[in-house]
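> Hey, dropping work_5.csv in here, CSV, C-alpha atoms:
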```
chain,number,residue,atom,x,y,z
A,171,MET,CA,22.9,29.0,-9.5
A,172,SER,CA,24.8,25.8,-8.7
A,173,GLU,CA,23.1,22.8,-7.1
A,174,LEU,CA,25.1,23.4,-3.9
A,175,GLN,CA,24.1,27.1,-3.8
A,176,SER,CA,20.4,26.2,-4.3
A,177,ILE,CA,20.6,23.7,-1.4
A,178,VAL,CA,22.3,26.2,0.9
A,179,ILE,CA,19.4,28.7,0.1
A,180,LEU,CA,16.9,25.9,0.7
A,181,VAL,CA,18.3,25.4,4.2
A,182,LEU,CA,18.8,29.0,5.1
A,183,VAL,CA,15.8,30.6,3.4
A,184,GLY,CA,13.3,27.8,3.3
A,185,PHE,CA,13.9,25.3,6.1
A,186,LEU,CA,15.2,27.4,9.1
A,187,PRO,CA,12.7,30.3,9.0
A,188,SER,CA,9.8,27.7,8.9
A,189,GLU,CA,11.2,25.0,11.2
A,190,VAL,CA,12.0,27.5,13.9
A,191,TRP,CA,8.3,27.7,14.8
A,192,ARG,CA,8.2,23.9,15.4
A,193,TRP,CA,11.3,24.2,17.6
A,194,LEU,CA,9.8,27.1,19.5
A,195,GLY,CA,6.6,25.1,19.9
A,196,LEU,CA,8.6,22.3,21.4
A,197,ALA,CA,10.3,24.6,23.8
A,198,LEU,CA,7.1,26.2,24.9
A,199,GLY,CA,4.7,23.3,24.8
A,200,ARG,CA,6.8,20.7,26.7
A,201,GLY,CA,5.9,21.7,30.2
A,202,LEU,CA,2.2,22.4,29.7
A,203,ASP,CA,-0.7,20.4,30.9
A,204,GLU,CA,-3.3,19.1,28.5
A,205,LYS,CA,-6.2,20.6,30.5
A,206,SER,CA,-4.6,24.0,31.3
A,207,GLU,CA,-6.2,27.3,30.2
A,208,ILE,CA,-3.3,28.3,28.1
A,209,ILE,CA,-3.6,25.2,26.0
A,210,GLN,CA,-7.3,25.9,25.4
A,211,TRP,CA,-6.3,29.4,24.2
A,212,VAL,CA,-3.5,28.1,22.0
A,213,ARG,CA,-5.9,25.6,20.4
A,214,GLY,CA,-8.1,28.5,19.6
A,215,VAL,CA,-5.2,30.4,18.0
A,216,ALA,CA,-4.1,27.3,16.0
A,217,THR,CA,-7.7,26.7,14.7
A,218,ALA,CA,-8.1,30.5,13.9
A,219,LEU,CA,-4.8,30.4,12.0
A,220,ILE,CA,-6.2,27.5,9.8
A,221,GLY,CA,-9.1,29.8,8.9
A,222,ALA,CA,-6.7,32.7,8.2
A,223,VAL,CA,-4.4,30.6,6.0
A,224,VAL,CA,-7.4,29.3,4.0
A,225,MET,CA,-8.7,32.8,3.3
A,226,ARG,CA,-5.3,34.2,2.6
A,227,ILE,CA,-4.7,31.7,-0.2
A,228,ILE,CA,-8.2,32.5,-1.6
A,229,VAL,CA,-7.9,36.3,-1.5
A,230,ILE,CA,-4.1,36.6,-2.2
A,231,PRO,CA,-3.4,33.4,-4.2
A,232,PRO,CA,0.1,32.2,-5.1
A,233,GLY,CA,1.3,31.5,-8.6
A,234,THR,CA,-1.2,30.2,-11.2
A,235,LEU,CA,-4.2,30.2,-8.9
A,236,ALA,CA,-4.1,34.0,-9.3
A,237,GLY,CA,-5.2,33.4,-12.9
A,238,VAL,CA,-8.5,32.1,-11.7
A,239,PRO,CA,-11.0,35.0,-11.0
A,240,LEU,CA,-11.6,35.8,-7.3
A,241,SER,CA,-15.4,35.1,-7.7
A,242,VAL,CA,-14.6,31.5,-8.9
A,243,ARG,CA,-12.1,30.9,-6.0
A,244,VAL,CA,-14.7,32.1,-3.4
A,245,ALA,CA,-17.5,30.1,-5.0
A,246,ALA,CA,-15.4,26.9,-5.2
A,247,LEU,CA,-14.6,27.2,-1.5
A,248,ALA,CA,-18.2,28.0,-0.5
A,249,ILE,CA,-19.7,25.2,-2.6
A,250,GLY,CA,-17.0,22.7,-1.5
A,251,PHE,CA,-17.9,23.5,2.1
A,252,LEU,CA,-21.6,23.1,1.4
A,253,ALA,CA,-20.9,19.7,-0.1
A,254,PHE,CA,-18.9,18.8,3.0
A,255,VAL,CA,-21.9,19.7,5.2
A,256,LEU,CA,-24.4,17.9,2.9
A,257,PHE,CA,-22.4,14.7,2.4
A,258,ARG,CA,-22.1,13.5,6.0
A,259,ARG,CA,-19.3,15.9,6.9
A,260,SER,CA,-16.9,14.2,4.5
A,261,ALA,CA,-13.8,16.3,3.9
A,262,PHE,CA,-13.2,14.2,0.8
A,263,ALA,CA,-16.6,15.2,-0.7
A,264,GLY,CA,-15.8,18.9,0.1
A,265,VAL,CA,-12.4,18.7,-1.7
A,266,LEU,CA,-13.8,16.9,-4.8
A,267,VAL,CA,-16.8,19.2,-5.2
A,268,GLY,CA,-14.7,22.3,-4.5
A,269,GLU,CA,-12.1,21.3,-7.1
A,270,ALA,CA,-14.8,20.5,-9.7
A,271,VAL,CA,-16.3,24.0,-9.2
A,272,LEU,CA,-12.8,25.6,-9.4
A,273,VAL,CA,-11.8,23.9,-12.7
A,274,THR,CA,-15.3,24.3,-14.3
A,275,GLY,CA,-15.4,28.0,-13.3
A,276,ALA,CA,-11.9,28.7,-14.4
A,277,ILE,CA,-12.6,27.2,-17.9
A,278,ALA,CA,-15.9,29.0,-18.1
A,279,PHE,CA,-14.9,32.5,-16.8
A,280,GLY,CA,-11.2,32.2,-16.7
A,281,SER,CA,-8.1,33.9,-17.9
B,249,MET,CA,-15.4,8.8,0.5
B,250,ALA,CA,-17.0,7.9,3.8
B,251,GLU,CA,-14.5,7.1,6.4
B,252,PRO,CA,-15.1,3.8,8.1
B,253,PRO,CA,-16.1,3.9,11.7
B,254,GLN,CA,-13.2,3.3,14.0
B,255,ASN,CA,-12.6,2.2,17.5
B,256,PRO,CA,-9.1,3.6,18.1
B,257,GLY,CA,-8.9,1.9,21.5
B,258,THR,CA,-8.8,-1.5,20.0
B,259,ALA,CA,-7.4,-0.6,16.6
B,260,THR,CA,-3.8,-1.3,17.5
B,261,THR,CA,-2.1,-4.6,18.4
B,262,GLY,CA,-1.1,-3.1,21.7
B,263,THR,CA,2.5,-2.5,21.0
B,264,GLU,CA,4.4,0.6,19.8
B,265,ALA,CA,5.0,-1.0,16.4
B,266,GLY,CA,1.2,-1.7,16.2
B,267,ALA,CA,0.5,1.9,17.0
B,268,PHE,CA,2.9,3.0,14.2
B,269,VAL,CA,1.1,0.7,11.8
B,270,PHE,CA,-2.2,2.1,12.9
B,271,GLY,CA,-0.8,5.6,12.1
B,272,VAL,CA,0.2,4.4,8.6
B,273,ARG,CA,-3.3,3.0,8.0
B,274,THR,CA,-4.9,6.1,9.4
B,275,ALA,CA,-2.8,8.2,7.0
B,276,PHE,CA,-3.8,6.2,3.9
B,277,ARG,CA,-7.5,6.4,4.9
B,278,SER,CA,-7.3,10.1,5.5
B,279,VAL,CA,-8.4,12.7,3.0
B,280,PHE,CA,-4.8,14.0,3.3
B,281,ALA,CA,-3.3,11.1,1.5
B,282,PHE,CA,-5.1,12.3,-1.6
B,283,VAL,CA,-4.4,16.0,-0.8
B,284,ILE,CA,-0.7,15.4,-0.3
B,285,VAL,CA,-0.4,13.4,-3.6
B,286,PHE,CA,-2.2,16.2,-5.5
B,287,THR,CA,-0.4,19.1,-3.8
B,288,TYR,CA,3.1,17.6,-4.3
B,289,ILE,CA,2.5,16.7,-7.9
B,290,GLY,CA,1.8,20.4,-8.4
B,291,PHE,CA,4.9,21.3,-6.4
B,292,GLY,CA,7.2,19.0,-8.3
B,293,ALA,CA,5.9,20.5,-11.6
B,294,LEU,CA,6.5,24.0,-10.2
B,295,CYS,CA,10.1,23.1,-9.4
B,296,HIS,CA,10.5,21.9,-13.0
B,297,ASP,CA,9.0,25.2,-14.2
B,298,TYR,CA,11.5,27.2,-12.2
B,299,GLY,CA,14.5,25.2,-13.4
B,300,LEU,CA,15.3,23.5,-10.0
B,301,SER,CA,16.5,19.9,-9.8
B,302,VAL,CA,14.2,17.0,-8.8
B,303,GLY,CA,16.5,16.2,-5.9
B,304,TRP,CA,16.2,19.8,-4.7
B,305,GLY,CA,12.4,19.6,-4.8
B,306,MET,CA,12.3,16.3,-2.9
B,307,LEU,CA,14.7,17.7,-0.3
B,308,SER,CA,12.5,20.8,0.0
B,309,THR,CA,9.5,18.6,0.8
B,310,ALA,CA,11.4,16.5,3.3
B,311,LEU,CA,13.0,19.5,5.1
B,312,GLN,CA,10.3,22.1,4.9
B,313,TRP,CA,7.2,20.0,5.0
B,314,ALA,CA,5.1,23.1,4.6
B,315,GLY,CA,3.2,23.5,1.3
B,316,PRO,CA,2.6,27.3,1.3
B,317,ALA,CA,6.2,28.0,2.4
B,318,GLN,CA,7.6,25.7,-0.3
B,319,VAL,CA,5.7,27.6,-3.0
B,320,ILE,CA,6.9,30.9,-1.6
B,321,LEU,CA,10.5,29.7,-1.6
B,322,VAL,CA,10.4,28.4,-5.2
B,323,THR,CA,8.6,31.4,-6.6
B,324,GLY,CA,10.9,33.7,-4.6
B,325,LEU,CA,14.2,32.3,-6.0
B,326,GLY,CA,14.0,34.1,-9.3
B,327,PRO,CA,16.5,36.8,-10.4
B,328,GLY,CA,16.0,40.2,-8.7
B,329,THR,CA,14.4,38.8,-5.6
B,330,VAL,CA,15.8,39.7,-2.2
B,331,LEU,CA,16.5,36.5,-0.2
B,332,ILE,CA,15.9,38.1,3.2
B,333,GLU,CA,12.4,39.1,2.0
B,334,THR,CA,11.7,35.5,0.9
B,335,ALA,CA,12.9,34.2,4.3
B,336,VAL,CA,10.6,36.6,6.1
B,337,ALA,CA,7.7,35.6,3.9
B,338,VAL,CA,8.4,31.9,4.5
B,339,ALA,CA,8.6,32.5,8.3
B,340,LEU,CA,5.3,34.5,8.3
B,341,SER,CA,3.5,31.8,6.3
B,342,SER,CA,4.6,29.1,8.8
B,343,VAL,CA,3.5,30.8,12.0
B,344,ARG,CA,0.7,28.1,12.4
B,345,PHE,CA,3.3,25.5,13.4
B,346,LEU,CA,3.9,27.2,16.8
B,347,PRO,CA,0.4,26.8,18.2
B,348,ILE,CA,0.0,23.4,16.5
B,349,VAL,CA,3.0,22.0,18.2
B,350,VAL,CA,2.2,23.6,21.5
B,351,SER,CA,-1.3,22.2,21.5
B,352,VAL,CA,-0.4,18.7,20.3
B,353,LEU,CA,2.5,18.1,22.7
B,354,PRO,CA,0.7,17.8,26.0
B,355,LEU,CA,-1.6,15.3,24.2
B,356,VAL,CA,1.1,13.0,23.0
B,357,ARG,CA,4.2,13.3,25.1
B,358,ARG,CA,5.0,11.1,28.1
B,359,GLU,CA,6.4,12.2,31.4
B,360,ASN,CA,9.9,11.0,30.5
B,361,SER,CA,10.0,12.0,26.8
B,362,SER,CA,13.2,14.0,26.1
B,363,SER,CA,13.3,16.9,23.7
B,364,TRP,CA,15.4,14.9,21.4
B,365,GLN,CA,12.8,12.1,21.2
B,366,LEU,CA,10.2,14.7,20.3
B,367,LEU,CA,12.2,16.5,17.6
B,368,VAL,CA,11.2,13.9,14.9
B,369,PRO,CA,7.4,13.9,15.6
B,370,VAL,CA,7.5,17.7,15.9
B,371,HIS,CA,9.1,17.9,12.4
B,372,PHE,CA,6.2,15.9,11.0
B,373,MET,CA,3.7,18.4,12.5
B,374,ALA,CA,1.7,20.1,9.8
B,375,ILE,CA,-2.0,20.8,9.5
B,376,SER,CA,-2.6,17.3,8.0
B,377,VAL,CA,-0.8,15.4,10.7
B,378,TRP,CA,-2.1,17.7,13.5
B,379,VAL,CA,-5.7,17.2,12.3
B,380,GLU,CA,-5.4,13.4,12.4
B,381,ALA,CA,-3.5,13.4,15.6
B,382,MET,CA,-6.0,15.6,17.4
B,383,ARG,CA,-8.8,13.3,16.1
B,384,HIS,CA,-7.4,9.9,16.9
B,385,ALA,CA,-4.7,10.2,19.6
B,386,PRO,CA,-7.1,10.8,22.6
B,387,GLY,CA,-8.5,7.3,22.0
B,388,LEU,CA,-5.1,5.7,22.3
B,389,PRO,CA,-3.0,4.8,25.3
B,390,ARG,CA,-0.5,7.6,26.0
B,391,GLU,CA,2.5,5.4,25.3
B,392,HIS,CA,1.2,4.7,21.8
B,393,ARG,CA,0.5,8.3,20.8
B,394,ILE,CA,4.0,9.3,19.6
B,395,PRO,CA,4.5,6.1,17.5
B,396,PHE,CA,1.0,6.7,16.1
B,397,CYS,CA,1.9,10.3,15.1
B,398,ASN,CA,5.2,9.0,13.6
B,399,GLY,CA,3.2,6.5,11.5
B,400,ILE,CA,1.0,9.2,10.1
B,401,GLY,CA,3.9,11.6,9.6
B,402,THR,CA,6.2,9.1,7.9
B,403,THR,CA,3.5,8.1,5.5
B,404,LEU,CA,2.3,11.5,4.5
B,405,LEU,CA,5.8,13.0,4.3
B,406,GLY,CA,7.0,10.0,2.3
B,407,LEU,CA,4.1,10.4,-0.1
B,408,GLY,CA,5.0,14.1,-0.4
B,409,VAL,CA,8.6,13.3,-1.3
B,410,VAL,CA,7.7,10.6,-3.8
B,411,PHE,CA,5.0,12.6,-5.5
B,412,THR,CA,7.3,15.7,-5.7
B,413,ALA,CA,9.4,13.5,-8.1
B,414,VAL,CA,6.4,12.2,-9.9
B,415,GLY,CA,5.1,15.7,-10.5
B,416,TYR,CA,8.6,16.9,-11.6
B,417,TYR,CA,8.7,14.2,-14.4
B,418,MET,CA,5.0,14.6,-15.3
B,419,GLN,CA,5.3,18.3,-15.7
B,420,SER,CA,4.9,18.4,-19.5
B,421,LEU,CA,1.9,16.0,-19.4
B,422,LEU,CA,-0.1,18.0,-16.9
B,423,PRO,CA,-3.1,20.1,-18.1
B,424,ALA,CA,-2.8,23.8,-17.9
B,425,MET,CA,-5.3,23.9,-15.0
B,426,PHE,CA,-3.4,21.5,-12.8
B,427,GLY,CA,-1.2,24.0,-11.1
B,428,ALA,CA,-4.1,26.2,-10.0
B,429,ALA,CA,-6.2,23.1,-8.9
B,430,ALA,CA,-3.2,21.8,-6.9
B,431,MET,CA,-2.8,25.1,-5.1
B,432,PHE,CA,-6.6,25.2,-4.3
B,433,ILE,CA,-6.6,21.8,-2.6
B,434,THR,CA,-4.7,23.3,0.4
B,435,PRO,CA,-7.5,25.8,1.4
B,436,ILE,CA,-10.4,23.5,0.7
B,437,SER,CA,-8.9,20.5,2.6
B,438,PHE,CA,-7.8,22.7,5.5
B,439,LEU,CA,-11.3,24.2,5.8
B,440,THR,CA,-13.3,20.9,5.6
B,441,SER,CA,-11.0,18.9,7.8
B,442,ALA,CA,-10.7,21.7,10.5
B,443,ALA,CA,-14.6,22.0,10.4
B,444,ARG,CA,-15.0,18.2,10.7
B,445,ASN,CA,-12.7,18.3,13.8
B,446,ALA,CA,-14.4,21.3,15.3
B,447,ARG,CA,-16.9,19.9,17.8
B,448,ALA,CA,-16.5,22.3,20.7
B,449,LEU,CA,-17.7,25.9,20.5
B,450,LEU,CA,-14.0,27.0,21.0
B,451,ASP,CA,-13.0,25.4,17.7
B,452,LYS,CA,-16.0,26.4,15.7
B,453,ALA,CA,-15.8,30.0,16.9
B,454,ALA,CA,-12.0,30.2,16.2
B,455,LEU,CA,-12.3,28.8,12.7
B,456,ALA,CA,-15.2,31.2,11.9
B,457,ALA,CA,-13.4,34.2,13.4
B,458,GLY,CA,-10.2,33.4,11.5
B,459,ILE,CA,-12.2,33.2,8.2
B,460,VAL,CA,-13.8,36.6,8.8
B,461,ILE,CA,-10.9,38.5,10.3
B,462,GLY,CA,-8.1,37.0,8.1
B,463,PRO,CA,-9.1,38.6,4.8
B,464,VAL,CA,-9.9,41.9,6.4
B,465,LEU,CA,-6.3,42.2,7.7
B,466,ALA,CA,-4.7,40.6,4.6
B,467,LEU,CA,-6.5,42.9,2.1
B,468,ASN,CA,-5.7,46.0,4.1
B,469,HIS,CA,-2.0,44.9,4.0
B,470,VAL,CA,-1.7,44.8,7.8
B,471,PRO,CA,1.9,43.7,8.5
B,472,PHE,CA,2.0,40.1,10.1
B,473,ASP,CA,-1.7,39.6,9.1
B,474,LEU,CA,-1.7,35.9,9.8
B,475,LEU,CA,-0.1,36.3,13.2
B,476,TRP,CA,-2.6,39.0,14.2
B,477,THR,CA,-5.6,37.1,12.9
B,478,GLY,CA,-4.5,34.0,14.9
B,479,ILE,CA,-4.1,36.0,18.1
B,480,ILE,CA,-7.3,38.1,17.7
B,481,ALA,CA,-9.6,35.4,16.4
B,482,GLY,CA,-8.2,32.8,18.8
B,483,THR,CA,-8.6,35.1,21.8
B,484,LEU,CA,-12.2,36.0,20.8
B,485,ALA,CA,-13.0,32.3,20.5
B,486,TYR,CA,-11.4,31.5,23.9
B,487,GLY,CA,-13.4,34.4,25.4
B,488,LEU,CA,-16.6,32.9,24.1
B,489,HIS,CA,-15.6,29.5,25.4
B,490,ARG,CA,-15.1,31.0,28.9
B,491,VAL,CA,-18.4,32.8,28.8
B,492,GLN,CA,-20.2,29.6,27.8
B,493,ARG,CA,-18.4,27.6,30.5
B,494,ALA,CA,-19.3,30.3,33.2
B,495,ARG,CA,-23.0,30.2,32.0
B,496,ALA,CA,-23.1,26.4,32.2
B,497,ALA,CA,-21.6,26.6,35.7
B,498,THR,CA,-24.3,29.1,36.8
B,499,THR,CA,-27.1,27.0,35.3
B,500,ASP,CA,-25.8,23.9,37.1
B,501,ALA,CA,-25.7,25.8,40.4
B,502,THR,CA,-29.3,27.0,40.4
B,503,PRO,CA,-31.8,24.2,40.8
```
Take the structure I supplied and represent it as structure tokens, if you would.

Amino acid sequence: MSELQSIVILVLVGFLPSEVWRWLGLALGRGLDEKSEIIQWVRGVATALIGAVVMRIIVIPPGTLAGVPLSVRVAALAIGFLAFVLFRRSAFAGVLVGEAVLVTGAIAFGS
Amino acid sequence: MAEPPQNPGTATTGTEAGAFVFGVRTAFRSVFAFVIVFTYIGFGALCHDYGLSVGWGMLSTALQWAGPAQVILVTGLGPGTVLIETAVAVALSSVRFLPIVVSVLPLVRRENSSSWQLLVPVHFMAISVWVEAMRHAPGLPREHRIPFCNGIGTTLLGLGVVFTAVGYYMQSLLPAMFGAAAMFITPISFLTSAARNARALLDKAALAAGIVIGPVLALNHVPFDLLWTGIIAGTLAYGLHRVQRARAATTDATP
């Protein structure tokens, strides 16, 4: 595959199918009021989607993350979240502890 | 890392440039500066693994600015894959941008903002920039909110592009576990930062419902599982929010 071909594929297969959602959001969100009911609902959908994306990567992981057992992935997420709650709701603490559990678990029980 | 207490109302110098700089500082203090660096080192190394060029990887980060979609694209470019299927998978993985953009726009735009002026800040919108914008923008004067978002977006996207190159050239030095650890940072950072931002019942219920319903649909191979989870869990949370509001109104009315 030439460099030009791979860039055309990047634009057509990678950029446009993803960016279209941002443009659609711009078209739909422009006229809406901050306090409107529809915006409250959309905020709920956006937040729910974050939860869905999180769990999708955990249960159907991409690439090399699939080599780490499911139990380790779930435990790392749960213990990371617990650390977040215990350490003054610091997202940074949650990320560090979660990663530590993932790496330790993968070495101990891994592929 | 405990984040320093902030008073966003007085944190800028009162100009648009000051708001942009405040956005840059907010980005560097955010957990996402760390998350983006780590994620894109992993992505750069992945591009190297799949035989793509460093320039291609950097362009992917600048144009797509969507971690999961970028991984799907790179791993879906191998021989024997059908490009249309990869395009559909990319599109389905990025559905979150629609509600994110719709919900942030009324918060940041001005009466006279044209669609062209909004195209750049809208391109920056990803979970990372959205989380920080929803957290800090309400405390800023309206005319400073777009420059503030552009400051966060420029910084995080710039870090992403630079560290894509760093990861590409570091590929042979990275430990075997790095790829898996870099992919795991997306879910753990999304979860903790969304939970940190969730103060209202609406947000808490939506996040919890998405976490419970998402895997049920995904593991049962329901088509468009992310889309359906967003709609079902988001509507459930909105319903709870309406019930709570109605109850509060009834309690207020009875002495």
> Just want the 8 Å neighbourhood of region 171-188 of chain A, counted on all atoms listed in the file, with same-chain residues fewer than 4 positions away dropped. Output as a list in words.
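Those residues are Arg192 of chain A; Ser301, Trp304, Ser308, Leu311, Gln312, Ala314, Ala317, Gln318, Leu321, Leu331, Ile332, Thr334, Ala335, Val336, Val338, Ala339, Ser341, Ser342 and Val343 of chain B.
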> In Å, rounded to a single decimal, give me how far CA of Ile394 (chain B) is from CA of Leu219 (chain A).
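CA of Ile394 (chain B) lies at a distance of 24.1 Å from CA of Leu219 (chain A).
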> Would you mind reading off the distance between CA of Ser260 (chain A) and CA of Ala275 (chain B), one decimal, in Å?
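We find that CA of Ser260 (chain A) and CA of Ala275 (chain B) lie 15.5 Å from each other.
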> Nearest to Val223 (chain A): which of B:Ala310, B:Leu388, B:Val370, B:Leu340 is it, counting only C-alpha atoms?
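Between B:Ala310, B:Leu388, B:Val370, B:Leu340, the residue approaching Val223 (chain A) most closely is B:Leu340.
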> Which distance in Å separates CA of Met382 (chain B) and CA of Gly462 (chain B), to one decimal?
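Going from CA of Met382 (chain B) over to CA of Gly462 (chain B), I get 23.4 Å.
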> List the neighbours of Phe251 (chain A) out to 12 Å using only C-alpha atoms; skip same-chain residues closer than 3 positions along the sequence, and give me the result as a PyMOL selection string.
(chain A and resi 244-248+254-269+271) or (chain B and resi 435-444)
